[in-house]
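Below: one structure, written as structure tokens.
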Protein chains: 2
Amino acid sequence: MFAQIQEAAQRLRGHAHITPLMTSRTLDQRVGAAVFLKCENFQRTGSFKFRGAFNAISRLSPAQKTRGVVTFSSGNHAQAVALTGRLLGIAATVVMPVDAPAIKRAATEAYGATVIAYDPGRDDREEIAHRLEVAQGCTLIPPFDHPDVIAGQGTAALELLQALERLDMLLVPCGGGGLLSGSAIAAKGIHPACRVVGIEPALADDATRSFHSGRLHTVHNPPTIADGTRTPSLGRLTFPLVREHVDDMRTVSEDAIMAAVRFLFFRMKLVVEPSGALGAAALLSGAVKPRGRTGVLLSGGNIDAATMVRILQSEGEKDATCAKQEGP
Amino acid sequence: MFAQIQEAAQRLRGHAHITPLMTSRTLDQRVGAAVFLKCENFQRTGSFKFRGAFNAISRLSPAQKTRGVVTFSSGNHAQAVALTGRLLGIAATVVMPVDAPAIKRAATEAYGATVIAYDPGRDDREEIAHRLEVAQGCTLIPPFDHPDVIAGQGTAALELLQALERLDMLLVPCGGGGLLSGSAIAAKGIHPACRVVGIEPALADDATRSFHSGRLHTVHNPPTIADGTRTPSLGRLTFPLVREHVDDMRTVSEDAIMAAVRFLFFRMKLVVEPSGALGAAALLSGAVKPRGRTGVLLSGGNIDAATMVRILQSEGEKDATCAKQEGP
């Protein structure tokens, strides 16, 4: 699987951004480690999802490309598939709940994708997507449970590890496990001693429980602010990969997630969405004790105005400093 | 003066960050030029001000350093002087209005500076600072009207021009004119054909009027959201430098400034304060027509929660897209 990640990196060259690493004296002092933030919020479409979608779609046969692709998502994967479709000249259809935010639908349509709305109370989105597969002959590009998607997502960690001489720990957000399993395989492929820890919201701790128990746990519609982790469970492919390659899983509270978004905003001038800030939340809240040189995958920056306002207004006095202040 | 900027760059090496350049396909497509954003929001203390303060303070004699420095500011310059004092082991005193936001005072004190509060309705801050100069023998580090401060501020444009093969235009925010005059001298020193344009809020257009009329105009307490440009006028040194080295001055509306902050937030995932977004506002609003390869100095990212909430809540429907969307 490591070889597939390396191949994916070749395939993404010139298409995906090699995103920057950011560091912060304040963060290092506060957590007692050298922390490297991999800024996938600066990736095309605003999240790492572009890597997996582009890798998977560009591997299709010419005949498959002619018939187009379909996916189900109202979030970052939808936009990643839509942009990839536009870049490669492939028709893209996105199955999206009828009550998805208008701006997310508009963004997906602006990339040229066709949006098919469904009633989440009545219809099953996977069934709709499968019907389109059969009727139109198009190829389903699932959001995480697909080897080419997983390999693509692994390229962010690959870049991070290749840019640094050594990395002792890597913290990765976990939703469906595509980013986490790809990252763990990439990290271990370069530095087997690098400890990889997946981070979930405590309100959506299905993967953490699955990891520890060895049985697949499910959490439906968890009320976490980290909307990228609201997938009900790990996938058929990602579950065993996470079990095999990831060293540990930890959870963080909603308050810790919001405090991390604020820290990244006020101190580092970075716009990071709640799901993208899970690794930073684990460090800042003490849920994970860092080890030496610690990498954190900031997985995306697509946050809407209402969510950002809520997070800014919930801020404690303690971290309200507006300046990019360095610790004493 | 160009030589002093080059010397300042040597002096800042290893102390100030060489801040990254960011680009955006969406921005390029929207304005019809290749735009390079110089991210001084990622500078230490969150703004370019660290460059000028560090350059000026590190040039003091050992005797001057022993007696300490003083400045008057409630904004980015205060924190720049405070951090420089801490780094160089020099006592720093900041004269700040008694009604300055508690968080700004706390941030300045956290860097180890002594804050002296004054009543802006009754006292004159410059007089207080001068009294301290006389009584304690400390050195005043003014926020912009000082050759070493101007030279330090010019190093951001120097880095920008040195990183690119050619730059046809450079847009720079203008408050007291320290950043603008230093940037113009740096840019012309490398590419004499680079057109340098200063940008002000229309509500604080003193420098624009001074530039065009040749007489020094003043605007007291302009009600602009761009708090970094609320200085009443250009300085004794910066006025003639701006007249000599800057090609043009333009103004932008409050709506254009807020739209630029939102664009940088939603599309580029960058936290930029209103004053720092003036150049982007000029491009996005059409106030300045870009020319070929266009540089924009994003001068700082120190925005408080209330201001950001106000800007997010005033957003139009048109630019509310949350994703890092690329233009069609």
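Here, A, B, ... name the chains of the structure tokens in the order displayed, residue numbers run from 1 inside each chain, and ligands are numbered from 1 in the same displayed order.
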
Selection near Gly189 of chain A, 12 Å with only C-alpha atoms, sequence-local residues under 5 positions removed, as a compact mmCIF listing (two decimals) with N, CA, C and O atoms, in the first residue's frame:
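File written: selection35.txt
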# COMPACT_ATOMS: atom_id res chain seq x y z
N MET A 1 0.84 -1.23 0.00
CA MET A 1 0.00 0.00 0.00
C MET A 1 0.87 1.27 0.00
O MET A 1 0.48 2.30 -0.53
N PHE A 2 2.08 1.18 0.64
CA PHE A 2 2.97 2.34 0.64
C PHE A 2 3.35 2.71 -0.80
O PHE A 2 3.42 3.90 -1.15
N ALA A 3 3.59 1.69 -1.63
CA ALA A 3 3.95 1.96 -3.03
C ALA A 3 2.83 2.71 -3.74
O ALA A 3 3.08 3.60 -4.57
N GLN A 4 1.57 2.36 -3.41
CA GLN A 4 0.45 3.07 -4.06
C GLN A 4 0.39 4.54 -3.65
O GLN A 4 -0.04 5.39 -4.42
N ILE A 5 0.80 4.82 -2.42
CA ILE A 5 0.83 6.22 -1.97
C ILE A 5 1.92 6.98 -2.74
O ILE A 5 1.71 8.12 -3.19
N GLN A 6 3.06 6.32 -2.92
CA GLN A 6 4.13 6.97 -3.69
C GLN A 6 3.70 7.21 -5.14
O GLN A 6 3.98 8.27 -5.72
N GLY A 154 -3.07 9.60 1.64
CA GLY A 154 -1.79 9.35 2.30
C GLY A 154 -0.67 10.26 1.82
O GLY A 154 0.38 10.36 2.48
N THR A 155 -0.89 10.94 0.69
CA THR A 155 0.21 11.76 0.14
C THR A 155 0.50 13.00 0.98
O THR A 155 1.61 13.54 0.92
N ALA A 157 0.63 13.14 4.35
CA ALA A 157 1.62 12.70 5.35
C ALA A 157 2.95 12.37 4.69
O ALA A 157 4.01 12.63 5.26
N LEU A 158 2.89 11.81 3.49
CA LEU A 158 4.13 11.51 2.76
C LEU A 158 4.96 12.78 2.58
O LEU A 158 6.17 12.81 2.86
N LEU A 161 6.43 13.89 5.98
CA LEU A 161 7.57 13.08 6.43
C LEU A 161 8.79 13.31 5.55
O LEU A 161 9.92 13.30 6.04
N GLN A 162 8.56 13.51 4.25
CA GLN A 162 9.70 13.72 3.35
C GLN A 162 10.35 15.09 3.59
O GLN A 162 11.54 15.26 3.34
N GLY A 182 -4.39 6.13 5.41
CA GLY A 182 -3.38 6.52 4.42
C GLY A 182 -2.18 7.20 5.07
O GLY A 182 -1.02 6.93 4.71
N SER A 183 -2.45 8.05 6.04
CA SER A 183 -1.36 8.76 6.72
C SER A 183 -0.47 7.80 7.50
O SER A 183 0.76 7.93 7.52
N ALA A 184 -1.10 6.84 8.18
CA ALA A 184 -0.33 5.89 8.99
C ALA A 184 0.57 5.04 8.10
O ALA A 184 1.75 4.82 8.41
N CYS A 194 7.73 6.22 13.86
CA CYS A 194 6.80 7.34 14.05
C CYS A 194 5.49 6.82 14.63
O CYS A 194 4.86 5.93 14.05
N ARG A 195 5.09 7.39 15.76
CA ARG A 195 3.86 6.94 16.42
C ARG A 195 2.68 7.71 15.82
O ARG A 195 2.65 8.94 15.85
N VAL A 196 1.70 7.00 15.28
CA VAL A 196 0.56 7.64 14.62
C VAL A 196 -0.68 7.50 15.49
O VAL A 196 -1.06 6.39 15.89
N HIS A 245 -2.23 -0.28 11.31
CA HIS A 245 -1.14 0.69 11.15
C HIS A 245 -1.16 1.83 12.17
O HIS A 245 -0.16 2.55 12.30

Name the residues of segment 73-215 of chain A that come out as helix (DSSP H, G or I) in a backbone DSSP run; write them as a ChimeraX atom specification.
/A:76-88,102-110,125-136,147-163,178-190,202-204,206-213

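Nearest residue to Thr229 of chain A, choosing from A:Ser275, A:Thr71, A:Gln29, A:Ser61 and counting only C-alpha atoms: A:Ser275.
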
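If you count only C-alpha atoms and ignore residues fewer than 5 places along the chain from segment 120-129 of chain B, what sits within 7 Å of it is Val70, Thr71, Phe72, Val95 and Pro97 of chain B.
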
Kindly export the residues of the current selection with all heavy atoms, as a PDB file, in the first residue's frame.
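Output contents, as saved in result11.pdb:
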ATOM      1  N   VAL B  70      10.878  53.512  24.906  1.00  0.00           N
ATOM      2  CA  VAL B  70       9.486  53.870  25.189  1.00  0.00           C
ATOM      3  C   VAL B  70       8.784  54.096  23.857  1.00  0.00           C
ATOM      4  O   VAL B  70       9.409  54.501  22.865  1.00  0.00           O
ATOM      5  CB  VAL B  70       9.410  55.131  26.082  1.00  0.00           C
ATOM      6  CG1 VAL B  70      10.045  56.331  25.394  1.00  0.00           C
ATOM      7  CG2 VAL B  70       7.953  55.467  26.450  1.00  0.00           C
ATOM      8  N   THR B  71       7.502  53.787  23.814  1.00  0.00           N
ATOM      9  CA  THR B  71       6.731  54.125  22.625  1.00  0.00           C
ATOM     10  C   THR B  71       5.291  54.420  23.012  1.00  0.00           C
ATOM     11  O   THR B  71       4.876  54.169  24.150  1.00  0.00           O
ATOM     12  CB  THR B  71       6.787  53.016  21.552  1.00  0.00           C
ATOM     13  OG1 THR B  71       6.310  53.563  20.317  1.00  0.00           O
ATOM     14  CG2 THR B  71       5.930  51.817  21.941  1.00  0.00           C
ATOM     15  N   PHE B  72       4.541  54.990  22.073  1.00  0.00           N
ATOM     16  CA  PHE B  72       3.109  55.207  22.286  1.00  0.00           C
ATOM     17  C   PHE B  72       2.374  54.486  21.171  1.00  0.00           C
ATOM     18  O   PHE B  72       2.648  54.682  19.998  1.00  0.00           O
ATOM     19  CB  PHE B  72       2.759  56.703  22.314  1.00  0.00           C
ATOM     20  CG  PHE B  72       3.457  57.513  21.253  1.00  0.00           C
ATOM     21  CD1 PHE B  72       2.919  57.639  19.974  1.00  0.00           C
ATOM     22  CD2 PHE B  72       4.666  58.158  21.526  1.00  0.00           C
ATOM     23  CE1 PHE B  72       3.565  58.382  19.003  1.00  0.00           C
ATOM     24  CE2 PHE B  72       5.319  58.896  20.541  1.00  0.00           C
ATOM     25  CZ  PHE B  72       4.768  59.009  19.278  1.00  0.00           C
ATOM     26  N   VAL B  95       3.134  53.575  26.222  1.00  0.00           N
ATOM     27  CA  VAL B  95       2.101  54.512  26.664  1.00  0.00           C
ATOM     28  C   VAL B  95       0.833  54.203  25.868  1.00  0.00           C
ATOM     29  O   VAL B  95       0.843  54.246  24.629  1.00  0.00           O
ATOM     30  CB  VAL B  95       2.549  55.970  26.427  1.00  0.00           C
ATOM     31  CG1 VAL B  95       1.487  56.947  26.894  1.00  0.00           C
ATOM     32  CG2 VAL B  95       3.872  56.234  27.146  1.00  0.00           C
ATOM     33  N   PRO B  97      -3.676  54.296  25.757  1.00  0.00           N
ATOM     34  CA  PRO B  97      -4.873  54.924  26.322  1.00  0.00           C
ATOM     35  C   PRO B  97      -5.513  54.041  27.390  1.00  0.00           C
ATOM     36  O   PRO B  97      -5.491  52.809  27.276  1.00  0.00           O
ATOM     37  CB  PRO B  97      -5.801  55.096  25.117  1.00  0.00           C
ATOM     38  CG  PRO B  97      -5.254  54.214  24.042  1.00  0.00           C
ATOM     39  CD  PRO B  97      -3.794  54.077  24.309  1.00  0.00           C
TER      40      PRO B  97
END

Which polymer residues have any atom within 6 Å of an atom of segment 291-297 of chain A, counting only C-alpha atoms, with same-chain residues fewer than 6 positions away left out, as a short mmCIF file (atom, residue, chain, number, x, y, z; two decimals) with all heavy atoms, in the first residue's frame?
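Now in selection.cif:
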data_model
loop_
_atom_site.label_atom_id
_atom_site.label_comp_id
_atom_site.auth_asym_id
_atom_site.auth_seq_id
_atom_site.Cartn_x
_atom_site.Cartn_y
_atom_site.Cartn_z
N ALA A 33 7.04 20.56 22.78
CA ALA A 33 7.53 19.73 21.68
C ALA A 33 7.72 20.62 20.47
O ALA A 33 7.26 21.76 20.45
CB ALA A 33 6.54 18.61 21.37
N ALA A 34 8.40 20.09 19.46
CA ALA A 34 8.53 20.81 18.19
C ALA A 34 7.40 20.34 17.29
O ALA A 34 7.38 19.19 16.85
CB ALA A 34 9.88 20.52 17.56
N VAL A 35 6.43 21.22 17.05
CA VAL A 35 5.21 20.84 16.34
C VAL A 35 5.24 21.38 14.91
O VAL A 35 5.58 22.55 14.68
CB VAL A 35 3.96 21.36 17.07
CG1 VAL A 35 2.69 20.92 16.34
CG2 VAL A 35 3.95 20.86 18.51
N PHE A 36 4.89 20.53 13.96
CA PHE A 36 4.85 20.91 12.55
C PHE A 36 3.43 20.71 12.04
O PHE A 36 2.91 19.59 12.05
CB PHE A 36 5.83 20.05 11.75
CG PHE A 36 7.25 20.21 12.21
CD1 PHE A 36 7.76 19.43 13.25
CD2 PHE A 36 8.07 21.18 11.65
CE1 PHE A 36 9.05 19.61 13.71
CE2 PHE A 36 9.38 21.36 12.09
CZ PHE A 36 9.87 20.57 13.12
N LEU A 37 2.82 21.80 11.60
CA LEU A 37 1.44 21.74 11.13
C LEU A 37 1.41 21.63 9.62
O LEU A 37 1.93 22.50 8.91
CB LEU A 37 0.69 23.01 11.57
CG LEU A 37 0.71 23.31 13.07
CD1 LEU A 37 0.04 24.66 13.34
CD2 LEU A 37 0.02 22.22 13.86
N LYS A 38 0.82 20.56 9.10
CA LYS A 38 0.71 20.36 7.66
C LYS A 38 -0.62 20.99 7.22
O LYS A 38 -1.70 20.52 7.56
CB LYS A 38 0.73 18.86 7.35
CG LYS A 38 0.54 18.50 5.88
CD LYS A 38 1.72 18.94 5.03
CE LYS A 38 1.61 18.37 3.61
NZ LYS A 38 2.60 19.00 2.70
N LEU A 167 10.35 12.36 12.25
CA LEU A 167 9.11 12.71 12.91
C LEU A 167 8.81 11.62 13.92
O LEU A 167 8.80 10.43 13.60
CB LEU A 167 7.96 12.83 11.88
CG LEU A 167 6.74 13.60 12.37
CD1 LEU A 167 7.05 15.07 12.60
CD2 LEU A 167 5.60 13.48 11.36
N ASP A 168 8.58 12.02 15.19
CA ASP A 168 8.40 11.02 16.24
C ASP A 168 6.93 10.68 16.45
O ASP A 168 6.61 9.63 16.98
CB ASP A 168 9.00 11.55 17.55
CG ASP A 168 10.47 11.88 17.38
OD1 ASP A 168 11.22 10.95 17.04
OD2 ASP A 168 10.86 13.05 17.55
N MET A 169 6.04 11.61 16.08
CA MET A 169 4.62 11.38 16.30
C MET A 169 3.83 12.13 15.23
O MET A 169 4.26 13.20 14.77
CB MET A 169 4.23 11.89 17.69
CG MET A 169 2.75 11.74 18.01
SD MET A 169 2.36 12.35 19.67
CE MET A 169 2.40 10.83 20.60
N LEU A 170 2.69 11.56 14.85
CA LEU A 170 1.83 12.22 13.87
C LEU A 170 0.38 12.11 14.34
O LEU A 170 -0.09 11.00 14.65
CB LEU A 170 1.99 11.55 12.49
CG LEU A 170 1.08 12.07 11.37
CD1 LEU A 170 1.35 13.56 11.10
CD2 LEU A 170 1.29 11.26 10.10
N LEU A 171 -0.30 13.25 14.42
CA LEU A 171 -1.69 13.29 14.85
C LEU A 171 -2.59 13.58 13.65
O LEU A 171 -2.36 14.54 12.91
CB LEU A 171 -1.89 14.38 15.91
CG LEU A 171 -0.98 14.27 17.15
CD1 LEU A 171 -1.33 15.36 18.16
CD2 LEU A 171 -1.13 12.89 17.79
N VAL A 172 -3.61 12.75 13.47
CA VAL A 172 -4.44 12.82 12.27
C VAL A 172 -5.92 12.75 12.66
O VAL A 172 -6.32 11.86 13.42
CB VAL A 172 -4.11 11.64 11.33
CG1 VAL A 172 -4.88 11.76 10.02
CG2 VAL A 172 -2.62 11.54 11.07
N GLY A 279 -6.30 17.48 15.65
CA GLY A 279 -4.95 17.18 16.13
C GLY A 279 -4.41 18.28 17.03
O GLY A 279 -3.83 18.00 18.09
#

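Relative to atom CA of Pro232 of chain A, atom CA of Asp205 of chain A is found at 9.6 Å.
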
What lies within 7 Å of Glu273 of chain B using only C-alpha atoms, ignoring chain neighbours under 5 positions off, as an NGL selection string?
:B and (261 or 300-303)

How would the residues just chosen look if you wrote them out with N, CA and C atoms as a PDB file, in the first residue's frame?
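This went into out_6.pdb:
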ATOM      1  N   VAL B 261     -11.500  41.078   3.532  1.00  0.00           N
ATOM      2  CA  VAL B 261     -11.212  40.231   4.701  1.00  0.00           C
ATOM      3  C   VAL B 261     -11.947  38.898   4.563  1.00  0.00           C
ATOM      4  N   GLY B 300      -0.892  42.570   8.181  1.00  0.00           N
ATOM      5  CA  GLY B 300      -1.051  42.023   9.519  1.00  0.00           C
ATOM      6  C   GLY B 300      -2.312  41.209   9.682  1.00  0.00           C
ATOM      7  N   GLY B 301      -2.363  40.462  10.777  1.00  0.00           N
ATOM      8  CA  GLY B 301      -3.507  39.578  11.012  1.00  0.00           C
ATOM      9  C   GLY B 301      -4.101  39.698  12.401  1.00  0.00           C
ATOM     10  N   ASN B 302      -3.841  40.817  13.092  1.00  0.00           N
ATOM     11  CA  ASN B 302      -4.333  40.952  14.460  1.00  0.00           C
ATOM     12  C   ASN B 302      -5.730  41.554  14.492  1.00  0.00           C
ATOM     13  N   ILE B 303      -6.714  40.681  14.453  1.00  0.00           N
ATOM     14  CA  ILE B 303      -8.111  41.111  14.453  1.00  0.00           C
ATOM     15  C   ILE B 303      -8.763  40.511  15.688  1.00  0.00           C
TER      16      ILE B 303
END

I want to know what sits within 12 Å of Pro142 of chain A, based on only C-alpha atoms, with residues of the same chain fewer than 5 positions away left out; could you give that as number ranges by chain?
A: 49, 52-53, 56-57, 69-73, 77-78, 80-81, 94-95, 125-126, 129-130, 147-150, 176, 178, 235, 237

Which residues, written as a ChimeraX atom specification, have at least one atom at most 7 Å from segment 12-27 of chain B, with only C-alpha atoms counted and residues fewer than 2 positions away on the same chain left out?
/B:8-10,29-31,35-40,42-44,51,55,326-327

With C-alpha atoms retained, export the selected residues as a short mmCIF file (atom, residue, chain, number, x, y, z; two decimals), in the first residue's frame.
data_model
loop_
_atom_site.label_atom_id
_atom_site.label_comp_id
_atom_site.auth_asym_id
_atom_site.auth_seq_id
_atom_site.Cartn_x
_atom_site.Cartn_y
_atom_site.Cartn_z
CA ALA B 8 18.07 46.07 8.00
CA ALA B 9 17.43 42.77 6.23
CA GLN B 10 20.83 41.53 7.47
CA GLN B 29 -8.92 34.88 -12.53
CA ARG B 30 -11.11 37.46 -10.85
CA VAL B 31 -8.70 40.38 -11.28
CA VAL B 35 -1.13 38.18 -7.79
CA PHE B 36 1.42 37.43 -5.06
CA LEU B 37 0.36 38.00 -1.47
CA LYS B 38 3.17 38.73 0.99
CA CYS B 39 1.87 37.29 4.27
CA GLU B 40 3.04 39.60 7.04
CA PHE B 42 2.48 35.36 9.70
CA GLN B 43 5.25 37.70 10.94
CA ARG B 44 6.20 37.61 14.63
CA ARG B 51 10.59 44.50 11.38
CA ASN B 55 15.71 47.16 13.36
CA GLU B 326 -11.58 28.23 -7.54
CA GLY B 327 -13.19 30.35 -10.21
#
